[in-house]
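Chemist: So I've got this file, model36.txt, and it contains compact mmCIF, C-alpha atoms:
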```txt
# COMPACT_ATOMS: atom_id res chain seq x y z
CA MET A 1 38.59 -28.79 161.31
CA LYS A 2 35.56 -27.61 159.33
CA SER A 3 32.23 -29.20 160.09
CA PHE A 4 29.96 -30.21 157.27
CA ILE A 5 26.24 -30.71 157.73
CA LEU A 6 24.50 -32.54 154.86
CA MET A 7 20.73 -32.46 154.90
CA LEU A 8 17.98 -33.25 152.38
CA ALA A 9 16.08 -30.43 150.65
CA GLY A 10 12.78 -30.98 152.38
CA ILE A 11 14.32 -30.95 155.86
CA LEU A 12 16.68 -28.06 155.12
CA PHE A 13 14.31 -25.61 153.48
CA GLY A 14 11.36 -26.65 155.57
CA SER A 15 13.02 -25.44 158.73
CA VAL A 16 15.34 -22.66 157.58
CA CYS A 17 14.36 -19.43 155.79
CA TYR A 18 16.88 -17.15 154.13
CA SER A 19 16.40 -13.47 153.51
CA LYS A 20 18.42 -11.45 151.03
CA THR A 21 20.31 -9.87 153.92
CA GLU A 22 21.13 -13.25 155.46
CA ALA A 23 22.10 -15.13 152.30
CA GLN A 24 22.62 -14.17 148.66
CA PHE A 25 23.58 -16.09 145.54
CA ILE A 26 27.21 -15.30 145.01
CA LYS A 27 27.69 -17.40 141.89
CA ASN A 28 26.41 -20.25 139.75
CA ILE A 29 28.62 -23.28 139.39
CA VAL A 30 28.29 -25.46 136.29
CA LEU A 31 29.74 -28.96 136.41
CA THR A 32 29.76 -31.99 134.18
CA VAL A 33 28.98 -35.37 135.72
CA GLY A 34 32.22 -36.57 137.33
CA ASP A 35 33.85 -33.12 137.43
CA ARG A 36 34.92 -31.27 140.59
CA ALA A 37 34.98 -27.59 141.50
CA PRO A 38 36.68 -26.00 144.57
CA ILE A 39 34.74 -23.91 147.06
CA LYS A 40 35.96 -21.82 149.97
CA VAL A 41 34.44 -22.90 153.26
CA ILE A 42 35.02 -21.25 156.61
CA SER A 43 32.67 -23.12 158.92
CA LYS A 44 29.93 -25.22 157.29
CA VAL A 45 28.25 -26.38 154.04
CA ILE A 46 24.61 -27.42 153.71
CA VAL A 47 23.53 -29.39 150.60
CA ALA A 48 19.91 -29.42 149.43
CA LYS A 49 20.09 -32.50 147.16
CA GLN A 50 22.71 -35.06 148.03
CA LYS A 51 21.99 -37.20 144.95
CA VAL A 52 23.10 -34.47 142.55
CA ILE A 53 26.40 -33.47 144.17
CA SER A 54 28.61 -34.43 147.06
CA ILE A 55 31.10 -32.46 149.17
CA GLN A 56 34.63 -33.82 149.29
CA GLU A 57 37.37 -32.68 151.64
CA SER A 58 40.99 -33.18 150.67
CA GLY A 59 43.35 -31.72 153.21
CA ALA A 60 42.68 -28.00 153.45
CA ALA A 61 40.67 -27.92 150.20
CA THR A 62 36.96 -28.55 149.74
CA HIS A 63 35.46 -29.62 146.38
CA ILE A 64 32.01 -30.15 144.90
CA LEU A 65 31.67 -33.39 142.89
CA GLY A 66 28.95 -33.74 140.26
CA LEU A 67 27.17 -37.07 140.71
CA LYS A 68 24.19 -36.97 138.32
CA PRO A 69 22.48 -34.47 135.99
CA GLY A 70 20.32 -31.90 137.72
CA TRP A 71 20.66 -28.87 139.93
CA THR A 72 20.78 -28.07 143.62
CA GLN A 73 21.60 -25.29 146.07
CA LEU A 74 24.32 -25.00 148.68
CA LYS A 75 24.59 -22.82 151.69
CA VAL A 76 28.28 -22.12 152.10
CA ASP A 77 28.61 -20.39 155.46
CA ASP A 78 26.06 -17.55 155.03
CA GLN A 79 25.94 -17.45 151.24
CA LEU A 80 23.88 -19.46 148.68
CA VAL A 81 25.41 -21.13 145.66
CA GLU A 82 23.41 -22.71 142.81
CA VAL A 83 25.05 -25.76 141.21
CA SER A 84 24.03 -27.25 137.84
CA VAL A 85 25.37 -30.65 136.81
CA LEU A 86 25.27 -31.30 133.05
CA THR A 87 25.66 -34.42 130.98
CA LEU A 88 28.52 -34.63 128.54
CA ASN A 89 26.08 -34.00 125.69
CA GLN A 90 24.73 -30.88 127.41
CA ARG A 91 28.27 -29.61 127.90
CA ARG A 92 29.01 -30.07 124.20
CA THR A 93 25.77 -28.31 123.33
CA LEU A 94 26.70 -25.41 125.60
CA LEU A 95 30.08 -24.97 123.92
CA LYS A 96 28.54 -25.07 120.42
CA LEU A 97 25.87 -22.54 121.25
CA GLU A 98 28.37 -20.25 123.00
CA ASN A 99 30.41 -20.13 119.80
CA PHE A 100 27.26 -19.61 117.73
CA VAL A 101 25.88 -16.66 119.71
CA LYS A 102 29.20 -14.81 119.41
CA THR A 103 28.34 -14.10 115.77
CA SER A 104 24.55 -14.10 116.06
CA LEU A 105 22.83 -10.81 116.92
CA GLY A 106 20.29 -10.82 119.75
CA LEU A 107 20.88 -14.35 121.06
CA HIS A 108 22.65 -15.58 124.17
CA VAL A 109 23.04 -18.89 126.01
CA PHE A 110 23.25 -19.74 129.69
CA VAL A 111 22.68 -22.59 132.16
CA ASP A 112 19.66 -22.50 134.44
CA LYS A 113 18.68 -25.22 136.90
CA GLY A 114 20.58 -27.94 135.10
CA GLU A 115 19.37 -26.96 131.63
CA VAL A 116 21.16 -25.26 128.74
CA VAL A 117 18.92 -22.36 127.67
CA LEU A 118 19.07 -20.39 124.43
CA SER A 119 17.27 -17.06 124.73
CA GLY A 120 17.09 -13.62 123.19
CA GLN A 121 15.23 -12.28 120.15
CA LEU A 122 14.97 -14.03 116.77
CA PHE A 123 15.42 -11.52 113.95
CA SER A 124 15.50 -13.77 110.87
CA MET A 125 14.70 -17.29 109.70
CA LEU A 126 18.34 -17.60 108.64
CA GLN A 127 19.33 -17.58 112.32
CA PHE A 128 16.76 -20.26 113.08
CA LYS A 129 17.89 -22.50 110.23
CA LYS A 130 21.52 -22.15 111.28
CA ILE A 131 20.62 -23.42 114.75
CA TYR A 132 19.08 -26.50 113.14
CA GLU A 133 22.09 -27.06 110.90
CA LEU A 134 24.40 -26.73 113.89
CA CYS A 135 22.52 -29.22 116.08
CA ASN A 136 20.83 -31.59 113.63
CA GLN A 137 23.67 -34.11 113.51
CA SER A 138 24.92 -33.52 117.05
CA ASN A 139 21.92 -34.58 119.16
CA CYS A 140 21.88 -31.26 120.98
CA ASN A 141 20.10 -30.92 124.30
CA PHE A 142 18.89 -27.43 125.18
CA LYS A 143 15.72 -25.49 125.89
CA ASN A 144 14.56 -22.79 123.52
CA GLN A 145 13.46 -19.54 125.17
CA ILE A 146 13.88 -17.30 122.12
CA LYS A 147 11.23 -14.62 121.68
CA VAL A 148 9.57 -14.20 118.27
CA ASP A 149 7.16 -11.59 116.96
CA THR A 150 3.88 -12.39 115.21
CA ASP A 151 5.25 -12.46 111.65
CA MET A 152 8.27 -14.52 112.65
CA THR A 153 6.04 -16.95 114.56
CA ALA A 154 4.09 -17.77 111.40
CA GLN A 155 7.30 -18.38 109.46
CA VAL A 156 8.75 -20.60 112.19
CA VAL A 157 5.58 -22.69 112.45
CA LYS A 158 5.41 -23.14 108.68
CA TRP A 159 9.06 -24.19 108.46
CA VAL A 160 8.81 -26.64 111.38
CA ASN A 161 5.63 -28.17 109.93
CA GLN A 162 7.33 -28.66 106.57
CA LEU A 163 10.29 -30.29 108.29
CA LEU A 164 8.02 -32.72 110.12
CA THR A 165 5.71 -33.53 107.22
CA GLN A 166 8.64 -34.37 104.98
CA SER A 167 9.49 -37.12 107.46
CA GLY A 168 5.89 -38.29 107.71
CA TYR A 169 5.09 -36.82 111.12
CA PRO A 170 1.80 -35.08 111.98
CA ILE A 171 1.51 -31.33 112.45
CA PRO A 172 1.81 -30.38 116.14
CA ARG A 173 0.54 -27.46 118.17
CA ILE A 174 3.57 -25.30 118.98
CA ILE A 175 3.74 -23.11 122.08
CA PHE A 176 6.44 -20.43 122.37
CA SER A 177 6.10 -19.32 125.98
CA PRO A 178 7.79 -19.63 128.42
CA PHE A 179 9.74 -22.31 126.53
CA TRP A 180 9.10 -23.85 123.14
CA TYR A 181 6.92 -26.97 123.23
CA ALA A 182 5.34 -29.10 120.50
CA HIS A 183 2.16 -30.94 121.50
CA PHE A 184 1.39 -34.15 119.61
CA PRO A 185 -1.57 -36.54 119.87
CA MET A 186 -0.99 -39.76 121.75
CA ASN A 187 -0.58 -42.31 118.96
CA GLU A 188 1.90 -44.77 117.50
CA ILE A 189 4.67 -42.64 116.04
CA LYS A 190 8.42 -42.94 116.17
CA LYS A 191 8.86 -40.85 119.29
CA ASN A 192 12.63 -41.21 119.64
CA ARG A 193 13.40 -39.91 116.15
CA LEU A 194 10.80 -37.16 116.51
CA ALA A 195 12.39 -35.97 119.76
CA GLU A 196 15.84 -35.93 118.14
CA MET A 197 14.59 -33.75 115.27
CA LEU A 198 12.96 -31.18 117.53
CA ASN A 199 15.79 -31.23 120.09
CA ALA A 200 17.94 -29.74 117.36
CA LEU A 201 15.68 -26.67 117.62
CA GLY A 202 15.37 -26.72 121.39
CA ILE A 203 11.69 -27.73 121.13
CA ARG A 204 10.48 -30.12 123.79
CA VAL A 205 7.95 -32.77 122.76
CA GLU A 206 4.80 -33.51 124.73
CA TYR A 207 2.10 -36.11 124.01
CA SER A 208 -1.49 -35.68 125.08
CA VAL A 209 -4.80 -37.45 124.47
CA ARG A 210 -6.42 -34.00 124.39
CA THR A 211 -4.42 -32.87 121.37
CA LEU A 212 -6.35 -33.27 118.12
CA ALA A 213 -4.56 -35.35 115.50
CA ILE A 214 -4.18 -33.34 112.28
CA LYS A 215 -4.28 -35.68 109.30
CA PRO A 216 -3.60 -34.91 105.63
CA MET A 217 -6.46 -33.82 103.38
CA VAL A 218 -6.81 -35.83 100.19
CA LYS A 219 -8.34 -34.37 97.04
CA VAL A 220 -9.76 -36.99 94.69
CA GLN A 221 -10.48 -36.12 91.06
CA ILE A 222 -12.92 -38.48 89.37
CA MET A 223 -13.78 -38.68 85.68
CA ILE A 224 -16.49 -41.07 84.53
CA MET A 225 -16.44 -41.78 80.80
CA GLU A 226 -18.54 -43.91 78.50
CA ILE A 227 -16.35 -45.15 75.65
CA LYS A 228 -17.11 -47.42 72.71
CA LYS A 229 -15.47 -50.72 73.42
CA ASN A 230 -13.75 -51.04 70.06
CA LYS A 231 -12.07 -47.66 70.57
CA LEU A 232 -10.60 -48.22 74.01
CA GLU A 233 -7.17 -49.35 72.87
CA SER A 234 -6.61 -46.02 71.08
CA SER A 235 -5.93 -44.46 74.48
CA GLY A 236 -2.68 -46.38 74.76
CA ILE A 237 -3.96 -48.90 77.30
CA VAL A 238 -4.96 -52.47 76.57
CA TRP A 239 -8.16 -52.80 78.52
CA PRO A 240 -9.06 -56.25 79.84
CA SER A 241 -12.25 -58.11 78.98
CA GLN A 242 -13.27 -58.36 82.66
CA PHE A 243 -13.46 -56.11 85.69
CA SER A 244 -10.08 -54.51 86.32
CA ALA A 245 -8.38 -51.76 88.30
CA GLN A 246 -4.96 -50.51 87.29
CA VAL A 247 -2.60 -47.56 87.61
CA ILE A 248 -2.22 -45.74 84.31
CA PRO A 249 1.41 -45.66 83.12
CA GLU A 250 3.19 -42.35 83.03
CA GLY A 251 3.70 -40.60 79.71
CA LEU A 252 0.17 -40.84 78.32
CA ALA A 253 -1.36 -37.77 76.72
CA TRP A 254 -3.59 -36.73 79.59
CA ASP A 255 -4.03 -33.04 80.19
CA PRO A 256 -1.55 -32.30 83.03
CA GLY A 257 -3.49 -29.25 84.10
CA LEU A 258 -6.64 -31.22 84.91
CA GLY A 259 -4.85 -34.38 85.91
CA PHE A 260 -6.73 -36.34 83.27
CA SER A 261 -8.95 -35.36 80.34
CA ALA A 262 -11.26 -37.04 77.84
CA GLN A 263 -11.66 -34.26 75.31
CA SER A 264 -10.11 -36.39 72.57
CA PHE A 265 -12.74 -39.10 73.06
CA GLU A 266 -15.61 -36.62 72.78
CA GLN A 267 -14.13 -34.84 69.75
CA ASN A 268 -13.70 -38.14 67.89
CA GLY A 269 -17.18 -39.32 68.78
CA THR A 270 -15.86 -42.43 70.49
CA GLY A 271 -17.13 -41.56 73.95
CA LYS A 272 -18.44 -38.92 76.28
CA VAL A 273 -17.84 -37.67 79.80
CA ILE A 274 -20.74 -38.51 82.12
CA ALA A 275 -19.48 -36.83 85.28
CA ASN A 276 -16.32 -35.11 86.51
CA PRO A 277 -16.61 -34.55 90.28
CA THR A 278 -13.85 -33.60 92.74
CA LEU A 279 -14.03 -34.85 96.33
CA LEU A 280 -12.09 -33.60 99.34
CA THR A 281 -11.78 -35.85 102.37
CA ARG A 282 -9.65 -36.39 105.45
CA SER A 283 -7.15 -39.22 105.52
CA GLY A 284 -8.94 -42.27 106.88
CA ALA A 285 -12.43 -40.90 106.13
CA GLU A 286 -14.66 -42.36 103.42
CA ALA A 287 -15.83 -40.30 100.43
CA GLN A 288 -18.74 -41.29 98.19
CA PHE A 289 -20.10 -40.26 94.81
CA MET A 290 -23.31 -41.34 93.08
CA ALA A 291 -24.64 -40.66 89.60
CA GLY A 292 -27.98 -42.32 88.90
CA GLY A 293 -31.53 -42.46 90.15
CA GLU A 294 -33.94 -44.12 92.56
CA LEU A 295 -36.66 -46.63 91.74
CA PRO A 296 -39.81 -46.50 93.92
CA VAL A 297 -40.93 -49.90 95.15
CA ARG A 298 -44.23 -50.15 97.04
CA MET A 299 -44.17 -52.39 100.08
CA MET A 300 -47.56 -53.54 101.39
CA ASN A 301 -48.80 -55.66 104.27
CA LEU A 302 -52.11 -56.20 106.02
CA GLN A 303 -51.91 -53.03 108.05
CA ASN A 304 -50.16 -50.39 105.97
CA SER A 305 -48.07 -49.73 102.92
CA SER A 306 -44.84 -47.87 102.32
CA VAL A 307 -42.49 -46.97 99.52
CA VAL A 308 -38.86 -48.07 99.44
CA TRP A 309 -36.49 -46.32 97.06
CA LYS A 310 -33.91 -48.55 95.39
CA LYS A 311 -30.86 -46.73 94.07
CA TYR A 312 -29.36 -47.54 90.70
CA GLY A 313 -26.61 -45.97 88.60
CA LEU A 314 -22.91 -45.50 89.28
CA PHE A 315 -21.61 -45.54 92.86
CA ILE A 316 -18.02 -44.88 93.88
CA LYS A 317 -16.64 -45.24 97.40
CA LEU A 318 -13.14 -44.13 98.29
CA LEU A 319 -11.21 -44.66 101.52
CA PRO A 320 -7.82 -42.91 101.21
CA LYS A 321 -5.15 -43.04 103.91
CA ALA A 322 -2.13 -40.78 103.58
CA ASP A 323 0.83 -39.41 105.47
CA PHE A 324 2.48 -36.03 105.08
CA SER A 325 5.39 -37.50 103.11
CA GLY A 326 3.09 -38.09 100.12
CA ARG A 327 2.46 -41.82 100.44
CA MET A 328 -1.11 -43.01 100.02
CA SER A 329 -3.09 -46.19 100.48
CA VAL A 330 -6.36 -46.01 98.55
CA GLN A 331 -9.29 -48.42 98.71
CA ILE A 332 -11.68 -48.03 95.77
CA GLU A 333 -15.07 -49.61 95.25
CA ALA A 334 -17.17 -49.00 92.13
CA GLU A 335 -20.65 -50.29 91.36
CA MET A 336 -22.72 -49.83 88.21
CA SER A 337 -26.36 -50.88 88.19
CA SER A 338 -29.13 -50.47 85.65
CA LEU A 339 -32.80 -51.39 85.32
CA ASP A 340 -33.47 -54.81 83.80
CA MET A 341 -36.81 -54.67 82.03
CA SER A 342 -36.58 -58.36 81.09
CA VAL A 343 -37.06 -59.32 84.73
CA GLN A 344 -40.14 -57.80 86.36
CA LEU A 345 -42.29 -58.56 89.34
CA ASP A 346 -45.63 -56.81 89.67
CA GLY A 347 -44.46 -54.30 87.11
CA VAL A 348 -41.24 -53.50 89.01
CA PRO A 349 -38.10 -54.16 86.96
CA GLY A 350 -35.06 -55.91 88.31
CA ILE A 351 -31.67 -54.27 88.72
CA LYS A 352 -28.46 -55.44 87.06
CA VAL A 353 -25.39 -54.86 89.23
CA ASN A 354 -21.69 -54.91 88.38
CA LYS A 355 -19.14 -54.34 91.14
CA ILE A 356 -15.40 -53.88 91.35
CA LYS A 357 -13.25 -53.36 94.45
CA SER A 358 -9.51 -52.83 94.66
CA HIS A 359 -6.73 -51.45 96.85
CA PHE A 360 -3.67 -49.44 95.82
CA ASP A 361 -0.52 -48.24 97.57
CA LEU A 362 0.98 -45.14 95.92
CA THR A 363 4.16 -43.20 96.64
CA GLU A 364 2.91 -40.20 94.63
CA SER A 365 -0.21 -38.91 92.94
CA ARG A 366 -1.16 -41.21 90.02
CA ILE A 367 -4.23 -41.95 87.93
CA ILE A 368 -6.14 -45.15 88.74
CA ALA A 369 -8.40 -46.59 86.04
CA LEU A 370 -11.39 -48.82 86.77
CA SER A 371 -12.68 -50.69 83.72
CA GLY A 372 -14.74 -53.69 82.77
CA LEU A 373 -18.11 -52.11 83.57
CA VAL A 374 -19.76 -52.95 80.22
CA LYS A 375 -23.16 -51.75 79.04
CA ALA A 376 -24.77 -53.42 76.02
CA GLU A 377 -27.65 -51.89 74.06
CA GLU A 378 -29.58 -53.64 71.29
CA ALA A 379 -32.01 -52.05 68.84
CA ILE A 380 -34.12 -53.33 65.96
CA ALA A 381 -35.20 -51.02 63.11
CA SER A 382 -37.99 -52.28 60.82
CA GLN A 383 -39.28 -50.85 57.53
CA GLY A 384 -41.66 -52.12 54.84
CA LEU A 385 -44.91 -51.66 52.94
CA MET A 386 -47.42 -50.14 55.32
CA GLY A 387 -50.18 -52.52 56.24
CA PHE A 388 -48.72 -55.55 54.51
CA ASN A 389 -45.70 -55.78 56.84
CA LYS A 390 -48.07 -56.45 59.77
CA ILE A 391 -49.60 -59.56 58.19
CA PRO A 392 -48.74 -62.61 60.33
CA ILE A 393 -46.27 -65.04 58.79
CA PHE A 394 -46.29 -63.29 55.38
CA GLY A 395 -45.43 -59.83 56.73
CA ASP A 396 -41.69 -60.52 56.51
CA LEU A 397 -42.03 -60.76 52.73
CA PHE A 398 -43.02 -57.07 52.60
CA SER A 399 -40.50 -55.69 55.18
CA SER A 400 -36.83 -55.65 56.18
CA ASN A 401 -35.26 -55.53 59.68
CA ASP A 402 -32.01 -53.88 60.79
CA PHE A 403 -30.44 -55.30 63.94
CA ARG A 404 -27.96 -53.06 65.76
CA SER A 405 -25.86 -53.92 68.82
CA ASP A 406 -23.86 -51.21 70.60
CA THR A 407 -21.46 -52.09 73.42
CA THR A 408 -19.91 -49.36 75.54
CA GLU A 409 -17.67 -49.59 78.53
CA MET A 410 -17.83 -47.40 81.60
CA VAL A 411 -14.32 -46.24 82.51
CA VAL A 412 -13.71 -44.51 85.83
CA LEU A 413 -10.48 -42.53 86.25
CA VAL A 414 -9.49 -41.61 89.78
CA ARG A 415 -6.60 -39.42 90.83
CA PRO A 416 -5.93 -38.98 94.59
CA GLU A 417 -3.66 -36.13 95.65
CA ILE A 418 -2.55 -34.83 99.04
CA VAL A 419 -3.32 -31.13 99.26
CA TYR A 420 -2.21 -30.34 102.86
```
How does this structure look as structure tokens?
Modeler:
Amino acid sequence: MKSFILMLAGILFGSVCYSKTEAQFIKNIVLTVGDRAPIKVISKVIVAKQKVISIQESGAATHILGLKPGWTQLKVDDQLVEVSVLTLNQRRTLLKLENFVKTSLGLHVFVDKGEVVLSGQLFSMLQFKKIYELCNQSNCNFKNQIKVDTDMTAQVVKWVNQLLTQSGYPIPRIIFSPFWYAHFPMNEIKKNRLAEMLNALGIRVEYSVRTLAIKPMVKVQIMIMEIKKNKLESSGIVWPSQFSAQVIPEGLAWDPGLGFSAQSFEQNGTGKVIANPTLLTRSGAEAQFMAGGELPVRMMNLQNSSVVWKKYGLFIKLLPKADFSGRMSVQIEAEMSSLDMSVQLDGVPGIKVNKIKSHFDLTESRIIALSGLVKAEEAIASQGLMGFNKIPIFGDLFSSNDFRSDTTEMVVLVRPEIVY
């Protein structure tokens, strides 16, 4: 009767050394969990990892039984055998890839240490996309060891990044050697779905606090217009009488090339463009714009004096948050201030301030309009008989006055757009 000696890996290989003349790998055995394979034993069998496989004797036959996924080594008499135990999903993946590589130049598939490995040379993106189509709906489980040249690497990275950004995932750092890995920052993302997507390409996912999170860049176009209040409705929008922030409906006659335009207002004399800046900021980072001036205010005490500069004009603060799928959450704050000469202290005028703050959630790039920032100007024109019109009380008999009131509204148009 044959004798079987089962020992753990640490005990076995810590005390026994094999040279190529004493023991050689005669074959690799691939099993699925629960499957058996016969082996020919003359005297003894030594198992490195008992948890992966077991040796079963049935009469004169000896079999290896796969217990759990993994790999181990056997010493059958004086020869070494490597055994890989696959899951059912790995076995299905192996069969699919074996059929695929039969018609795909330069690629081949094999099992190594309990893993299904796809290797070879990638010659075209069509091959790469076919692998994804084959495994996308099948939850494939394999490791990608395909070699790619420099030009092909750039194409693969671009295509994988587009695939991820369309689903709202961040852009990873992809490593192609020795196996394909995608490194993501350690944050709250749907890790299970992300792993499924990249498993279809044989890319393993790793998370690290050292990996920099790449966030979308948001370009914000701003147009600040001063429009006569009685002409505002000609733009197709009924502007409110108070501070308001709204998304402009689609279909208005804005210049699509610029995103929005106010040429018609300037040509008709109903308004003018004050500023038209473009800001570029990272998702989650604040962007600011100011158009105005600074008022010097002298501060004095018993020991020294200093000058404090008070800002006035138009201030805009933007805090956009975006994902790579195109969705945006935009916080907008606008403030318009002007000098108030009717209120002065020690010759320093006061400052009138109007503020508006709002928050928008957008699924695509749209124009946001901030209105209700009204500026009123009054003027008095006087004419009459020189000298006599200055006589107190009776001067009005020799003169005439023209009172003019002009009300304009400051309209701020903002268009956020994800650029990359």
Chemist: So, counting only C-alpha atoms, which residue among A:Leu105, A:Cys140, A:Ile222, A:Met186 is closest to Leu126 of chain A?
Modeler: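 Using only C-alpha atoms, the shortest distance to Leu126 of chain A belongs to A:Leu105.
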Chemist: Kindly indicate which residue among A:Ala285, A:Leu345, A:Leu86, A:Leu413 lies nearest to Ile224 of chain A, using only C-alpha atoms for the distances.
Modeler: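 Of A:Ala285, A:Leu345, A:Leu86, A:Leu413, the one nearest Ile224 of chain A, counting only C-alpha atoms, is A:Leu413.
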Chemist: Which is closer to Leu201 of chain A than all the others in A:Asn144, A:Thr363, A:Gln221, A:Ser305, using all atoms listed in the file?
Modeler: A:Asn144
Chemist: Choose the residue, out of A:Val45, A:Val109, A:Met197, A:Val419, that has the smallest atom-to-atom separation from Asp323 of chain A; count all atoms listed in the file.
Modeler: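 Answer, going by the shortest atom-to-atom distance: A:Val419.
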Chemist: If I take atom CA of Ile227 of chain A and atom CA of Arg415 of chain A, how far is one from the other in Å, to one decimal?
Modeler: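 Here the two named atoms are 18.9 Å from each other.
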Chemist: Looking at all atoms listed in the file, which of A:Ala60, A:Ala334, A:Val205, A:Val30 is the one that sits closest to Val116 of chain A?
Modeler: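 Selected residue with least distance to Val116 of chain A: A:Val30.
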Chemist: Would you mind completing segment 137-154 of chain A so that it carries N, CA and C atoms, and writing it out as a PDB file, keeping the file's coordinate frame?
Modeler:
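As written to disk, selection_8.pdb reads:
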```pdb
ATOM      1  N   GLN A 137      22.872 -32.889 113.484  1.00  0.00           N
ATOM      2  CA  GLN A 137      23.670 -34.110 113.510  1.00  0.00           C
ATOM      3  C   GLN A 137      24.385 -34.318 114.839  1.00  0.00           C
ATOM      4  N   SER A 138      24.155 -33.452 115.800  1.00  0.00           N
ATOM      5  CA  SER A 138      24.920 -33.520 117.050  1.00  0.00           C
ATOM      6  C   SER A 138      24.084 -33.928 118.258  1.00  0.00           C
ATOM      7  N   ASN A 139      22.791 -34.183 118.048  1.00  0.00           N
ATOM      8  CA  ASN A 139      21.920 -34.580 119.160  1.00  0.00           C
ATOM      9  C   ASN A 139      22.003 -33.583 120.302  1.00  0.00           C
ATOM     10  N   CYS A 140      21.786 -32.315 119.974  1.00  0.00           N
ATOM     11  CA  CYS A 140      21.880 -31.260 120.980  1.00  0.00           C
ATOM     12  C   CYS A 140      20.776 -31.409 122.034  1.00  0.00           C
ATOM     13  N   ASN A 141      21.045 -30.862 123.197  1.00  0.00           N
ATOM     14  CA  ASN A 141      20.100 -30.920 124.300  1.00  0.00           C
ATOM     15  C   ASN A 141      20.046 -29.553 124.971  1.00  0.00           C
ATOM     16  N   PHE A 142      19.063 -28.753 124.579  1.00  0.00           N
ATOM     17  CA  PHE A 142      18.890 -27.430 125.180  1.00  0.00           C
ATOM     18  C   PHE A 142      17.423 -27.036 125.121  1.00  0.00           C
ATOM     19  N   LYS A 143      17.071 -26.016 125.877  1.00  0.00           N
ATOM     20  CA  LYS A 143      15.720 -25.490 125.890  1.00  0.00           C
ATOM     21  C   LYS A 143      15.688 -24.150 125.162  1.00  0.00           C
ATOM     22  N   ASN A 144      14.676 -23.984 124.338  1.00  0.00           N
ATOM     23  CA  ASN A 144      14.560 -22.790 123.520  1.00  0.00           C
ATOM     24  C   ASN A 144      13.649 -21.779 124.228  1.00  0.00           C
ATOM     25  N   GLN A 145      14.215 -20.623 124.533  1.00  0.00           N
ATOM     26  CA  GLN A 145      13.460 -19.540 125.170  1.00  0.00           C
ATOM     27  C   GLN A 145      13.511 -18.279 124.321  1.00  0.00           C
ATOM     28  N   ILE A 146      13.771 -18.441 123.029  1.00  0.00           N
ATOM     29  CA  ILE A 146      13.880 -17.300 122.120  1.00  0.00           C
ATOM     30  C   ILE A 146      12.506 -16.661 121.931  1.00  0.00           C
ATOM     31  N   LYS A 147      12.465 -15.352 121.919  1.00  0.00           N
ATOM     32  CA  LYS A 147      11.230 -14.620 121.680  1.00  0.00           C
ATOM     33  C   LYS A 147      11.082 -14.341 120.187  1.00  0.00           C
ATOM     34  N   VAL A 148       9.853 -14.455 119.682  1.00  0.00           N
ATOM     35  CA  VAL A 148       9.570 -14.200 118.270  1.00  0.00           C
ATOM     36  C   VAL A 148       8.336 -13.320 118.172  1.00  0.00           C
ATOM     37  N   ASP A 149       8.335 -12.428 117.179  1.00  0.00           N
ATOM     38  CA  ASP A 149       7.160 -11.590 116.960  1.00  0.00           C
ATOM     39  C   ASP A 149       6.117 -12.357 116.156  1.00  0.00           C
ATOM     40  N   THR A 150       4.995 -11.710 115.860  1.00  0.00           N
ATOM     41  CA  THR A 150       3.880 -12.390 115.210  1.00  0.00           C
ATOM     42  C   THR A 150       4.247 -12.894 113.821  1.00  0.00           C
ATOM     43  N   ASP A 151       4.882 -12.054 113.007  1.00  0.00           N
ATOM     44  CA  ASP A 151       5.250 -12.460 111.650  1.00  0.00           C
ATOM     45  C   ASP A 151       6.270 -13.591 111.678  1.00  0.00           C
ATOM     46  N   MET A 152       7.240 -13.494 112.566  1.00  0.00           N
ATOM     47  CA  MET A 152       8.270 -14.520 112.650  1.00  0.00           C
ATOM     48  C   MET A 152       7.680 -15.828 113.174  1.00  0.00           C
ATOM     49  N   THR A 153       6.687 -15.740 114.050  1.00  0.00           N
ATOM     50  CA  THR A 153       6.040 -16.950 114.560  1.00  0.00           C
ATOM     51  C   THR A 153       5.418 -17.753 113.442  1.00  0.00           C
ATOM     52  N   ALA A 154       4.718 -17.078 112.529  1.00  0.00           N
ATOM     53  CA  ALA A 154       4.090 -17.770 111.400  1.00  0.00           C
ATOM     54  C   ALA A 154       5.133 -18.447 110.520  1.00  0.00           C
TER      55      ALA A 154
END
```
